[in-house]
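Data file: input-v3.txt. Format and content: compact mmCIF, C-alpha atoms.
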# COMPACT_ATOMS: atom_id res chain seq x y z
CA MET A 1 -53.07 -8.73 28.09
CA ASN A 2 -52.97 -5.12 26.93
CA GLY A 3 -49.43 -4.81 28.25
CA GLN A 4 -48.35 -7.78 26.16
CA ILE A 5 -49.93 -6.28 23.03
CA TYR A 6 -48.24 -2.91 23.63
CA GLY A 7 -44.97 -4.72 24.31
CA ALA A 8 -45.23 -6.60 21.01
CA ILE A 9 -46.09 -3.39 19.11
CA PHE A 10 -43.15 -1.63 20.77
CA SER A 11 -40.76 -4.47 19.84
CA VAL A 12 -41.94 -4.45 16.23
CA ALA A 13 -41.57 -0.65 16.11
CA CYS A 14 -38.04 -0.94 17.48
CA LEU A 15 -37.13 -3.53 14.83
CA VAL A 16 -38.60 -1.37 12.06
CA ILE A 17 -36.63 1.66 13.30
CA THR A 18 -33.46 -0.47 13.51
CA ILE A 19 -33.95 -1.68 9.95
CA ILE A 20 -34.55 1.88 8.66
CA ILE A 21 -31.47 3.25 10.44
CA THR A 22 -29.34 0.31 9.29
CA ILE A 23 -30.46 0.83 5.69
CA ARG A 24 -29.59 4.52 5.96
CA LEU A 25 -26.22 3.69 7.51
CA ARG A 26 -25.56 1.10 4.82
CA ARG A 27 -25.59 3.92 2.28
CA THR A 28 -22.65 5.50 4.03
CA ARG A 29 -19.21 4.50 2.82
CA ALA A 30 -16.27 4.13 5.18
CA ILE A 31 -13.11 5.79 3.82
CA PHE A 32 -9.67 5.06 5.23
CA ILE A 33 -7.09 7.80 4.75
CA THR A 34 -3.45 6.98 5.45
CA ASP A 35 -0.79 9.51 6.49
CA TYR A 36 0.53 9.81 2.92
CA GLN A 37 -2.90 10.73 1.67
CA ALA A 38 -5.24 13.61 2.27
CA GLY A 39 -9.00 13.50 2.06
CA VAL A 40 -11.01 16.34 0.60
CA ARG A 41 -14.62 16.51 1.77
CA PHE A 42 -17.13 18.53 -0.21
CA ARG A 43 -20.37 19.22 1.60
CA ALA A 44 -23.42 21.21 0.53
CA GLY A 45 -21.64 22.78 -2.43
CA GLY A 46 -19.02 24.43 -0.23
CA GLN A 47 -15.26 24.55 -0.58
CA GLY A 48 -13.39 21.33 0.02
CA GLU A 49 -12.39 20.65 3.59
CA VAL A 50 -9.05 18.83 3.92
CA LEU A 51 -9.20 15.78 6.19
CA PRO A 52 -6.12 14.38 7.93
CA ALA A 53 -5.33 10.67 8.26
CA GLY A 54 -8.07 8.53 9.83
CA SER A 55 -11.36 6.76 9.10
CA TYR A 56 -14.35 8.72 7.80
CA PHE A 57 -17.91 8.20 6.63
CA SER A 58 -19.18 9.54 3.35
CA THR A 59 -22.87 9.58 2.45
CA PRO A 60 -23.49 9.58 -1.30
CA GLY A 61 -25.63 12.55 -2.28
CA GLN A 62 -24.86 14.45 0.91
CA ASP A 63 -21.12 14.71 1.11
CA PHE A 64 -18.33 13.53 -1.09
CA ILE A 65 -14.85 12.53 0.05
CA THR A 66 -12.04 12.07 -2.39
CA VAL A 67 -8.58 10.80 -1.51
CA VAL A 68 -5.53 12.63 -2.87
CA ASP A 69 -2.13 10.96 -2.81
CA THR A 70 0.49 13.35 -1.45
CA ARG A 71 3.49 11.15 -2.23
CA PRO A 72 5.83 12.40 -4.97
CA TYR A 73 5.12 11.62 -8.62
CA PRO A 74 8.32 11.13 -10.66
CA LEU A 75 8.50 13.42 -13.65
CA LEU A 76 10.84 13.02 -16.60
CA LEU A 77 11.06 15.39 -19.53
CA GLU A 78 13.61 14.51 -22.16
CA ARG A 79 15.24 16.50 -24.94
CA VAL A 80 13.20 19.69 -24.89
CA ASN A 81 14.50 22.24 -27.40
CA CYS A 82 14.68 25.82 -26.14
CA GLN A 83 16.37 29.13 -26.85
CA ASP A 84 18.10 31.00 -24.07
CA MET A 85 18.30 34.75 -23.44
CA LEU A 86 21.09 35.09 -26.00
CA HIS A 87 19.03 33.17 -28.59
CA ALA A 88 21.37 30.20 -28.37
CA ASN A 89 19.58 26.92 -29.05
CA PHE A 90 19.89 24.39 -26.32
CA LEU A 91 18.61 20.98 -25.41
CA ILE A 92 17.50 20.14 -21.90
CA SER A 93 16.23 17.06 -20.06
CA ILE A 94 14.99 17.18 -16.50
CA GLY A 95 13.97 14.80 -13.75
CA ALA A 96 11.90 16.03 -10.81
CA GLU A 97 9.25 15.13 -8.29
CA LEU A 98 5.76 16.53 -8.54
CA VAL A 99 4.04 16.83 -5.17
CA VAL A 100 0.51 17.82 -4.19
CA ARG A 101 0.93 20.80 -1.85
CA ASP A 102 -2.73 21.77 -1.46
CA PRO A 103 -5.01 18.73 -1.96
CA GLY A 104 -8.23 20.79 -2.02
CA LEU A 105 -6.93 23.18 -4.64
CA ALA A 106 -5.34 20.40 -6.71
CA PHE A 107 -8.58 18.42 -6.85
CA SER A 108 -10.71 21.50 -7.60
CA SER A 109 -8.40 22.92 -10.26
CA SER A 110 -8.34 19.94 -12.59
CA LYS A 111 -9.84 16.49 -13.00
CA ALA A 112 -6.51 14.92 -14.00
CA TYR A 113 -4.30 17.28 -12.04
CA ILE A 114 -1.09 15.28 -12.44
CA ASP A 115 -1.42 14.74 -16.20
CA ASP A 116 -2.36 18.38 -16.73
CA ALA A 117 0.59 19.52 -14.66
CA MET A 118 2.96 17.65 -17.01
CA GLY A 119 1.73 19.85 -19.87
CA VAL A 120 2.23 22.98 -17.78
CA VAL A 121 5.76 21.89 -16.86
CA ARG A 122 6.70 21.27 -20.50
CA GLU A 123 5.33 24.63 -21.57
CA ARG A 124 6.95 26.54 -18.71
CA LEU A 125 10.27 24.79 -19.13
CA SER A 126 10.79 26.50 -22.49
CA LEU A 127 9.78 29.83 -20.95
CA ALA A 128 12.15 29.38 -18.02
CA GLY A 129 14.93 28.45 -20.45
CA SER A 130 14.37 31.60 -22.50
CA ARG A 131 14.95 33.71 -19.36
CA SER A 132 18.31 32.20 -18.52
CA ILE A 133 21.77 31.92 -20.02
CA VAL A 134 22.95 28.36 -20.52
CA ASP A 135 26.05 27.42 -18.57
CA PRO A 136 26.83 23.68 -18.74
CA SER A 137 29.18 23.77 -15.72
CA SER A 138 27.92 22.13 -12.51
CA GLU A 139 27.35 25.54 -10.84
CA GLY A 140 25.54 26.75 -13.93
CA ARG A 141 23.34 23.67 -13.93
CA ALA A 142 22.51 24.10 -10.25
CA ARG A 143 21.65 27.77 -10.80
CA MET A 144 19.53 26.94 -13.82
CA ALA A 145 17.75 24.12 -11.94
CA ALA A 146 16.86 26.58 -9.17
CA GLU A 147 15.57 29.13 -11.70
CA ILE A 148 13.50 26.52 -13.52
CA SER A 149 12.11 25.19 -10.21
CA SER A 150 10.95 28.62 -9.10
CA GLU A 151 9.43 29.37 -12.51
CA LEU A 152 7.58 26.02 -12.56
CA ASN A 153 6.43 26.44 -8.96
CA ARG A 154 5.00 29.87 -9.80
CA ALA A 155 2.92 28.24 -12.54
CA LEU A 156 1.91 25.26 -10.42
CA GLU A 157 1.07 27.27 -7.30
CA THR A 158 -2.42 28.05 -8.55
CA ARG A 159 -2.98 24.33 -9.11
CA GLY A 160 -1.96 23.29 -5.61
CA LEU A 161 1.12 21.45 -6.86
CA GLU A 162 4.84 21.84 -6.38
CA ILE A 163 8.06 20.72 -8.07
CA ARG A 164 10.80 19.33 -5.84
CA LYS A 165 14.29 17.94 -6.31
CA LEU A 166 14.60 19.13 -9.89
CA GLU A 167 17.77 17.93 -11.57
CA ILE A 168 19.04 18.71 -15.03
CA THR A 169 19.93 15.36 -16.52
CA GLU A 170 21.03 16.66 -19.90
CA LEU A 171 22.09 20.09 -21.07
CA TRP A 172 23.71 20.95 -24.30
CA ALA A 173 23.94 24.38 -25.85
CA GLN A 174 24.62 24.87 -29.53
CA PRO A 175 27.68 27.10 -29.97
CA LEU A 176 26.51 30.70 -30.28
CA ARG A 177 28.04 31.31 -33.74
CA GLN A 178 26.16 28.26 -35.03
CA SER A 179 22.93 29.39 -33.36
CA ILE A 180 23.18 32.82 -34.99
CA ALA A 181 23.84 31.22 -38.38
CA THR A 182 20.85 28.90 -37.91
CA GLY A 183 18.70 31.89 -36.96
CA ALA A 184 19.89 33.88 -40.00
CA ASN A 185 18.91 31.04 -42.31
CA MET B 1 -39.00 -11.03 24.69
CA GLU B 2 -39.09 -8.07 27.06
CA PRO B 3 -39.48 -4.70 25.28
CA LEU B 4 -36.46 -3.33 27.12
CA THR B 5 -34.31 -6.22 25.85
CA VAL B 6 -35.46 -5.47 22.31
CA VAL B 7 -34.54 -1.80 22.78
CA PHE B 8 -31.05 -2.77 23.98
CA ILE B 9 -30.48 -5.23 21.16
CA CYS B 10 -31.62 -2.71 18.55
CA ALA B 11 -29.56 0.12 20.07
CA GLY B 12 -26.54 -2.21 20.22
CA LEU B 13 -26.90 -3.16 16.57
CA ILE B 14 -27.24 0.46 15.46
CA GLY B 15 -24.32 1.54 17.65
CA LEU B 16 -22.10 -1.25 16.38
CA TYR B 17 -22.93 -0.37 12.78
CA ALA B 18 -22.51 3.36 13.29
CA LEU B 19 -19.20 2.99 15.11
CA ARG B 20 -17.71 0.43 12.74
CA THR B 21 -14.89 2.79 11.73
CA ARG B 22 -14.06 3.47 15.40
CA VAL B 23 -14.33 -0.11 16.65
CA GLY B 24 -13.60 -2.00 13.42
CA ILE B 25 -14.89 -5.30 12.15
CA PRO B 26 -12.59 -8.25 12.91
CA SER B 27 -11.18 -9.75 9.76
CA SER B 28 -7.90 -11.15 8.48
CA HIS B 29 -5.57 -10.40 5.63
CA SER B 30 -3.10 -12.80 4.04
CA ILE B 31 0.24 -11.58 2.78
CA LEU B 32 1.94 -13.77 0.21
CA PRO B 33 5.59 -14.90 0.56
CA PHE B 34 6.80 -12.30 -1.97
CA GLN B 35 4.90 -9.40 -0.44
CA GLY B 36 5.60 -7.04 2.41
CA GLY B 37 3.10 -4.86 4.16
CA LEU B 38 2.64 -1.98 6.53
CA LEU B 39 -0.18 -2.02 9.06
CA TYR B 40 -1.99 1.30 9.47
CA ARG B 41 -4.22 2.13 12.42
CA ARG B 42 -6.42 5.21 12.16
CA GLY B 43 -4.33 6.32 9.21
CA CYS B 44 -0.93 6.07 10.89
CA PRO B 45 1.69 3.36 10.32
CA VAL B 46 1.98 0.97 13.27
CA ARG B 47 4.34 -1.78 12.17
CA GLU B 48 5.65 -3.76 9.23
CA VAL B 49 4.05 -7.12 8.59
CA GLY B 50 5.61 -10.04 6.78
CA PRO B 51 4.15 -13.00 4.89
CA GLY B 52 1.34 -14.83 6.67
CA ARG B 53 -2.14 -14.22 7.98
CA HIS B 54 -2.73 -11.06 9.99
CA ARG B 55 -5.75 -10.04 12.01
CA VAL B 56 -7.07 -6.58 11.19
CA PHE B 57 -10.07 -4.58 12.37
CA VAL B 58 -11.51 -3.37 9.08
CA GLY B 59 -12.50 0.28 9.21
CA ARG B 60 -9.93 1.08 11.89
CA GLU B 61 -6.94 -0.76 10.47
CA LYS B 62 -5.64 -1.44 7.02
CA ILE B 63 -2.67 -3.29 5.59
CA ILE B 64 -1.00 -1.66 2.60
CA PHE B 65 1.17 -4.23 0.91
CA LEU B 66 3.65 -4.16 -1.90
CA ASP B 67 5.34 -6.67 -4.12
CA LYS B 68 8.96 -7.41 -3.22
CA ARG B 69 9.79 -9.42 -6.33
CA PRO B 70 12.52 -7.96 -8.58
CA MET B 71 11.36 -5.31 -11.02
CA GLN B 72 12.85 -5.05 -14.49
CA VAL B 73 13.68 -1.81 -16.25
CA ASN B 74 14.25 -2.01 -19.99
CA VAL B 75 15.22 1.08 -21.91
CA GLU B 76 15.81 0.91 -25.65
CA ARG B 77 17.43 3.29 -28.09
CA ARG B 78 17.51 6.61 -26.32
CA GLY B 79 19.66 9.48 -27.44
CA VAL B 80 21.76 11.71 -25.23
CA THR B 81 24.10 14.57 -26.03
CA LEU B 82 27.60 14.16 -24.67
CA ALA B 83 29.80 16.86 -23.15
CA ASP B 84 31.64 17.35 -26.47
CA GLY B 85 28.39 17.76 -28.43
CA ALA B 86 28.35 14.27 -29.95
CA THR B 87 25.23 12.15 -29.63
CA ALA B 88 25.25 8.73 -28.01
CA VAL B 89 22.52 6.16 -28.36
CA TYR B 90 22.02 3.91 -25.39
CA GLY B 91 19.82 1.20 -24.03
CA PHE B 92 20.02 -0.67 -20.76
CA THR B 93 18.49 -3.37 -18.64
CA ALA B 94 18.33 -3.05 -14.89
CA SER B 95 16.55 -4.76 -12.05
CA ALA B 96 15.79 -3.71 -8.51
CA GLU B 97 13.78 -5.01 -5.60
CA VAL B 98 12.15 -3.58 -2.49
CA ARG B 99 14.28 -3.91 0.64
CA ASP B 100 12.61 -1.48 3.01
CA VAL B 101 8.82 -1.62 2.70
CA ARG B 102 8.18 1.61 4.59
CA LYS B 103 10.71 3.69 2.62
CA ALA B 104 9.58 2.21 -0.71
CA LEU B 105 5.93 2.90 0.05
CA TYR B 106 6.61 6.56 0.76
CA SER B 107 9.15 7.05 -2.05
CA SER B 108 6.64 7.54 -4.83
CA ALA B 109 2.91 7.50 -5.57
CA ASN B 110 3.65 4.37 -7.60
CA TYR B 111 6.67 2.60 -6.16
CA THR B 112 7.14 0.44 -9.28
CA GLN B 113 8.03 3.53 -11.30
CA LEU B 114 10.89 4.56 -9.05
CA PRO B 115 13.68 2.20 -10.22
CA GLY B 116 13.03 3.23 -13.83
CA PHE B 117 13.01 6.90 -12.92
CA VAL B 118 16.24 6.73 -10.94
CA THR B 119 18.17 4.62 -13.45
CA LEU B 120 17.08 6.86 -16.33
CA CYS B 121 17.99 10.09 -14.52
CA VAL B 122 21.38 8.81 -13.38
CA THR B 123 22.33 7.24 -16.73
CA ARG B 124 21.43 10.37 -18.66
CA THR B 125 23.28 12.64 -16.21
CA VAL B 126 26.45 10.55 -16.26
CA LEU B 127 26.45 10.16 -20.05
CA ASN B 128 25.76 13.85 -20.58
CA ARG B 129 28.91 14.68 -18.61
CA SER B 130 31.04 12.17 -20.54
CA GLN B 131 33.14 12.59 -23.67
CA SER B 132 32.89 10.47 -26.84
CA SER B 133 36.26 8.91 -26.03
CA GLN B 134 34.92 7.66 -22.68
CA ILE B 135 31.97 6.03 -24.45
CA ARG B 136 34.34 4.34 -26.87
CA TYR B 137 37.09 3.27 -24.50
CA ALA B 138 35.93 3.48 -20.89
CA GLN B 139 32.48 1.91 -20.77
CA PRO B 140 33.16 -0.29 -17.71
CA ALA B 141 34.14 2.80 -15.67
CA LEU B 142 31.02 4.64 -16.80
CA THR B 143 28.85 1.63 -15.95
CA GLU B 144 30.43 1.44 -12.50
CA GLU B 145 29.79 5.15 -11.90
CA ILE B 146 26.15 4.72 -12.91
CA VAL B 147 25.73 1.60 -10.76
CA ASN B 148 27.18 3.34 -7.69
CA ALA B 149 25.00 6.41 -8.12
CA CYS B 150 21.85 4.33 -8.77
CA ARG B 151 22.60 2.06 -5.81
CA SER B 152 22.87 4.91 -3.31
CA ARG B 153 19.80 6.74 -4.62
CA LEU B 154 17.71 3.57 -4.69
CA ALA B 155 18.88 2.61 -1.19
CA GLU B 156 17.58 5.97 0.09
CA ALA B 157 14.20 5.05 -1.38
CA GLY B 158 14.17 1.53 0.12
CA PHE B 159 15.26 -0.40 -2.98
CA GLU B 160 18.30 -2.44 -3.88
CA LEU B 161 19.78 -2.39 -7.34
CA LEU B 162 20.31 -6.01 -8.40
CA SER B 163 21.77 -5.51 -11.84
CA PHE B 164 22.54 -2.89 -14.45
CA ARG B 165 23.84 -3.58 -17.93
CA PHE B 166 24.02 -1.51 -21.11
CA SER B 167 22.35 -3.41 -23.93
CA HIS B 168 23.97 -0.93 -26.30
CA LEU B 169 25.93 2.27 -25.99
CA VAL B 170 27.43 3.81 -29.10
CA VAL B 171 28.42 7.24 -30.30
CA ALA B 172 25.96 7.83 -33.11
CA ALA B 173 26.92 11.29 -34.35
CA PRO B 174 30.20 13.20 -34.06
CA PRO B 175 30.29 16.59 -32.33
CA PRO B 176 29.20 19.47 -34.57
CA ALA B 177 32.04 21.50 -36.12
CA ASN B 178 32.27 25.09 -34.84

Rewrite the coordinates I just gave you, this time as structure tokens.
Amino acid sequence: MNGQIYGAIFSVACLVITIIITIRLRRTRAIFITDYQAGVRFRAGGQGEVLPAGSYFSTPGQDFITVVDTRPYPLLLERVNCQDMLHANFLISIGAELVVRDPGLAFSSSKAYIDDAMGVVRERLSLAGSRSIVDPSSEGRARMAAEISSELNRALETRGLEIRKLEITELWAQPLRQSIATGAN
Amino acid sequence: MEPLTVVFICAGLIGLYALRTRVGIPSSHSILPFQGGLLYRRGCPVREVGPGRHRVFVGREKIIFLDKRPMQVNVERRGVTLADGATAVYGFTASAEVRDVRKALYSSANYTQLPGFVTLCVTRTVLNRSQSSQIRYAQPALTEEIVNACRSRLAEAGFELLSFRFSHLVVAAPPPAN
């Protein structure tokens, strides 16, 4: 008789434990990270740990996993007015790919890291232009694209982002005599 | 019920729940006739899946699908400086569709933006290298050059260019006098 009572109590205890554990596990969220994504796990206020592709659990309040897309983001900037090293006015349009190089850094540096990077690129494009001499020939364009890429990547490095495949889609320099006259006025 | 049986049942339930991302929960996913998908297992691509119903183990597997219907690109009244300093105003309509699901999925964070990006970059580059006279008298040749360049770049990204047509292309301002 006693054995039966203890057995029943044990069964009930097991069920209660199962329910408690299941409720605790229900709070966890399964996160699926594909190979073109990277997960960043923040735990106990520490630095973000980058997770490779796979399935993970995240428990709200204990750890936080965010998914960062590492595929390229197309970037177009059209008709930006700049002045080159010789103070010649020029107009430039670029097309490029913006890629997340360091997911942890990108996510920690800014809430809207892609949108913010667009502003940085626009600002730095003028700066990069002012350090070069405009040459509309194809070699000149290629050289200028490389210079702009390295300048932009220097600025984006601290944000965990990178510019790739930058191409100058439009380049026109005002003739120097005209630029000087415009500057004199 | 025997206490040991209860222990096993409870342990089994907890284990199944805890290991749901390892084992996966059987489910199915339907792909519509105009969609294409890529099946991922533990985060890595396994195979392409076509329209129909597919069995997946949720938590361990996932199907990422994309729309293969033609995408339209409409660009209106954009200005570009030509090689001789004149300004041309252009607008175009293009359409493209996904041919290679895997390539298209990896081409961009948002694959629907890619045809617009490519057509805009190529059109602007080609026009910027052209003279006013080419805009006035050799538009078919320019269009063909743009179509060829767009086609090869889109093919690399898993798309096919279906059409490209200038809605307008005119020289708006003459080159500045030196």

Please produce, as JSON lines, a per-residue contact table for chain A versus chain B (criterion: any atom at most 8 Å away, all atoms listed in the file considered), showing the nearest atom pair and its distance in Å to one decimal, sorted by chain then residue number.
{"residue": "A:Gly7", "atom": "CA", "partner": "B:Pro3", "partner_atom": "CA", "distance": 5.6}
{"residue": "A:Ala8", "atom": "CA", "partner": "B:Pro3", "partner_atom": "CA", "distance": 7.4}
{"residue": "A:Phe10", "atom": "CA", "partner": "B:Pro3", "partner_atom": "CA", "distance": 6.6}
{"residue": "A:Ser11", "atom": "CA", "partner": "B:Pro3", "partner_atom": "CA", "distance": 5.6}
{"residue": "A:Cys14", "atom": "CA", "partner": "B:Val7", "partner_atom": "CA", "distance": 6.4}
{"residue": "A:Leu15", "atom": "CA", "partner": "B:Cys10", "partner_atom": "CA", "distance": 6.7}
{"residue": "A:Thr18", "atom": "CA", "partner": "B:Cys10", "partner_atom": "CA", "distance": 5.8}
{"residue": "A:Ile21", "atom": "CA", "partner": "B:Ile14", "partner_atom": "CA", "distance": 7.1}
{"residue": "A:Thr22", "atom": "CA", "partner": "B:Ile14", "partner_atom": "CA", "distance": 6.5}
{"residue": "A:Leu25", "atom": "CA", "partner": "B:Ala18", "partner_atom": "CA", "distance": 6.9}
{"residue": "A:Ala30", "atom": "CA", "partner": "B:Gly59", "partner_atom": "CA", "distance": 6.7}
{"residue": "A:Ile31", "atom": "CA", "partner": "B:Gly59", "partner_atom": "CA", "distance": 7.7}
{"residue": "A:Phe32", "atom": "CA", "partner": "B:Gly43", "partner_atom": "CA", "distance": 6.8}
{"residue": "A:Ile33", "atom": "CA", "partner": "B:Gly43", "partner_atom": "CA", "distance": 5.4}
{"residue": "A:Thr34", "atom": "CA", "partner": "B:Gly43", "partner_atom": "CA", "distance": 3.9}
{"residue": "A:Asp35", "atom": "CA", "partner": "B:Gly43", "partner_atom": "CA", "distance": 5.5}
{"residue": "A:Tyr36", "atom": "CA", "partner": "B:Tyr106", "partner_atom": "CA", "distance": 7.2}
{"residue": "A:Ala53", "atom": "CA", "partner": "B:Gly43", "partner_atom": "CA", "distance": 4.6}
{"residue": "A:Gly54", "atom": "CA", "partner": "B:Arg42", "partner_atom": "CA", "distance": 4.4}
{"residue": "A:Ser55", "atom": "CA", "partner": "B:Thr21", "partner_atom": "CA", "distance": 5.9}
{"residue": "A:Tyr56", "atom": "CA", "partner": "B:Thr21", "partner_atom": "CA", "distance": 7.1}
{"residue": "A:Asp69", "atom": "CA", "partner": "B:Ala109", "partner_atom": "CA", "distance": 6.7}
{"residue": "A:Thr70", "atom": "CA", "partner": "B:Ala109", "partner_atom": "CA", "distance": 7.6}
{"residue": "A:Arg71", "atom": "CA", "partner": "B:Ala109", "partner_atom": "CA", "distance": 5.0}
{"residue": "A:Pro72", "atom": "CA", "partner": "B:Ser108", "partner_atom": "CA", "distance": 4.9}
{"residue": "A:Tyr73", "atom": "CA", "partner": "B:Ala109", "partner_atom": "CA", "distance": 5.6}
{"residue": "A:Pro74", "atom": "CA", "partner": "B:Phe117", "partner_atom": "CA", "distance": 6.7}
{"residue": "A:Leu75", "atom": "CA", "partner": "B:Phe117", "partner_atom": "CA", "distance": 8.0}
{"residue": "A:Leu76", "atom": "CA", "partner": "B:Phe117", "partner_atom": "CA", "distance": 7.5}
{"residue": "A:Ile94", "atom": "CA", "partner": "B:Cys121", "partner_atom": "CA", "distance": 7.9}
{"residue": "A:Gly95", "atom": "CA", "partner": "B:Cys121", "partner_atom": "CA", "distance": 6.2}
{"residue": "A:Ile168", "atom": "CA", "partner": "B:Thr125", "partner_atom": "CA", "distance": 7.5}
{"residue": "A:Thr169", "atom": "CA", "partner": "B:Thr125", "partner_atom": "CA", "distance": 4.3}
{"residue": "A:Glu170", "atom": "CA", "partner": "B:Asn128", "partner_atom": "CA", "distance": 5.5}
{"residue": "A:Leu171", "atom": "CA", "partner": "B:Asn128", "partner_atom": "CA", "distance": 7.3}
{"residue": "A:Trp172", "atom": "CA", "partner": "B:Thr81", "partner_atom": "CA", "distance": 6.6}
{"residue": "A:Pro175", "atom": "CA", "partner": "B:Asn178", "partner_atom": "CA", "distance": 7.0}
{"residue": "A:Arg177", "atom": "CA", "partner": "B:Asn178", "partner_atom": "CA", "distance": 7.6}
{"residue": "A:Gln178", "atom": "CA", "partner": "B:Asn178", "partner_atom": "CA", "distance": 6.9}

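For the choices A:Val134, A:Leu86, A:Val80, A:Ile114, the atom-to-atom distance to Val100 (chain A) is smallest for A:Ile114 when using only C-alpha atoms.
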
Point-to-point distance in Å for CA of Arg141 (chain A) and CA of Arg165 (chain B): 27.5 Å

Point-to-point distance in Å for CA of Ala44 (chain A) and CA of Thr66 (chain A):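 Here the two named atoms are 14.9 Å from each other.
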
Please indicate the distance in Å from CA of Gly39 (chain A) to CA of Leu166 (chain A), rounded to one decimal place.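 If I compute the distance from CA of Gly39 (chain A) to CA of Leu166 (chain A), I get 27.0 Å.
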
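Across B:Val49, B:Val73, B:Ile31, B:Val170, the tightest approach to Ala96 (chain B) is made by B:Val73 when counting all atoms listed in the file.
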
Taking all atoms listed in the file into account, which of B:Met71, B:Ala104, B:Val89, B:Ala138 comes nearest Leu154 (chain B)?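 Closest residue, counting all atoms listed in the file: B:Ala104.
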
For a quick check of your reading of the model, name the residues lying within 10 Å of the coordinate (28.8, 2.4, -20.6), counting all atoms listed in the file, and write them as a short mmCIF file (atom, residue, chain, number, x, y, z; two decimals) with C-alpha atoms, in the frame of the given file.
data_model
loop_
_atom_site.label_atom_id
_atom_site.label_comp_id
_atom_site.auth_asym_id
_atom_site.auth_seq_id
_atom_site.Cartn_x
_atom_site.Cartn_y
_atom_site.Cartn_z
CA TYR B 90 22.02 3.91 -25.39
CA GLY B 91 19.82 1.20 -24.03
CA PHE B 92 20.02 -0.67 -20.76
CA THR B 123 22.33 7.24 -16.73
CA VAL B 126 26.45 10.55 -16.26
CA LEU B 127 26.45 10.16 -20.05
CA GLN B 134 34.92 7.66 -22.68
CA ILE B 135 31.97 6.03 -24.45
CA ARG B 136 34.34 4.34 -26.87
CA TYR B 137 37.09 3.27 -24.50
CA ALA B 138 35.93 3.48 -20.89
CA GLN B 139 32.48 1.91 -20.77
CA PRO B 140 33.16 -0.29 -17.71
CA ALA B 141 34.14 2.80 -15.67
CA LEU B 142 31.02 4.64 -16.80
CA THR B 143 28.85 1.63 -15.95
CA GLU B 144 30.43 1.44 -12.50
CA GLU B 145 29.79 5.15 -11.90
CA ILE B 146 26.15 4.72 -12.91
CA ARG B 165 23.84 -3.58 -17.93
CA PHE B 166 24.02 -1.51 -21.11
CA SER B 167 22.35 -3.41 -23.93
CA HIS B 168 23.97 -0.93 -26.30
CA LEU B 169 25.93 2.27 -25.99
CA VAL B 170 27.43 3.81 -29.10
#

Identify, on the basis of all atoms listed in the file, every residue whose closest approach to Phe42 (chain A) does not exceed 12 Å; exclude the query and any residue fewer than 5 positions from it along the same chain; express the result as a list in words. Gln47, Gly48, Glu49, Val50, Leu51, Ser58, Thr59, Pro60, Gly61, Gln62, Asp63, Phe64, Ile65, Thr66, Val67, Gly104, Phe107 and Ser108 of chain A

Using all atoms listed in the file, find the one residue out of B:Leu32, B:Leu38, B:Cys150, B:Leu16 that sits nearest to Phe164 (chain B).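 Ranking B:Leu32, B:Leu38, B:Cys150, B:Leu16 by distance to Phe164 (chain B), first place goes to B:Cys150.
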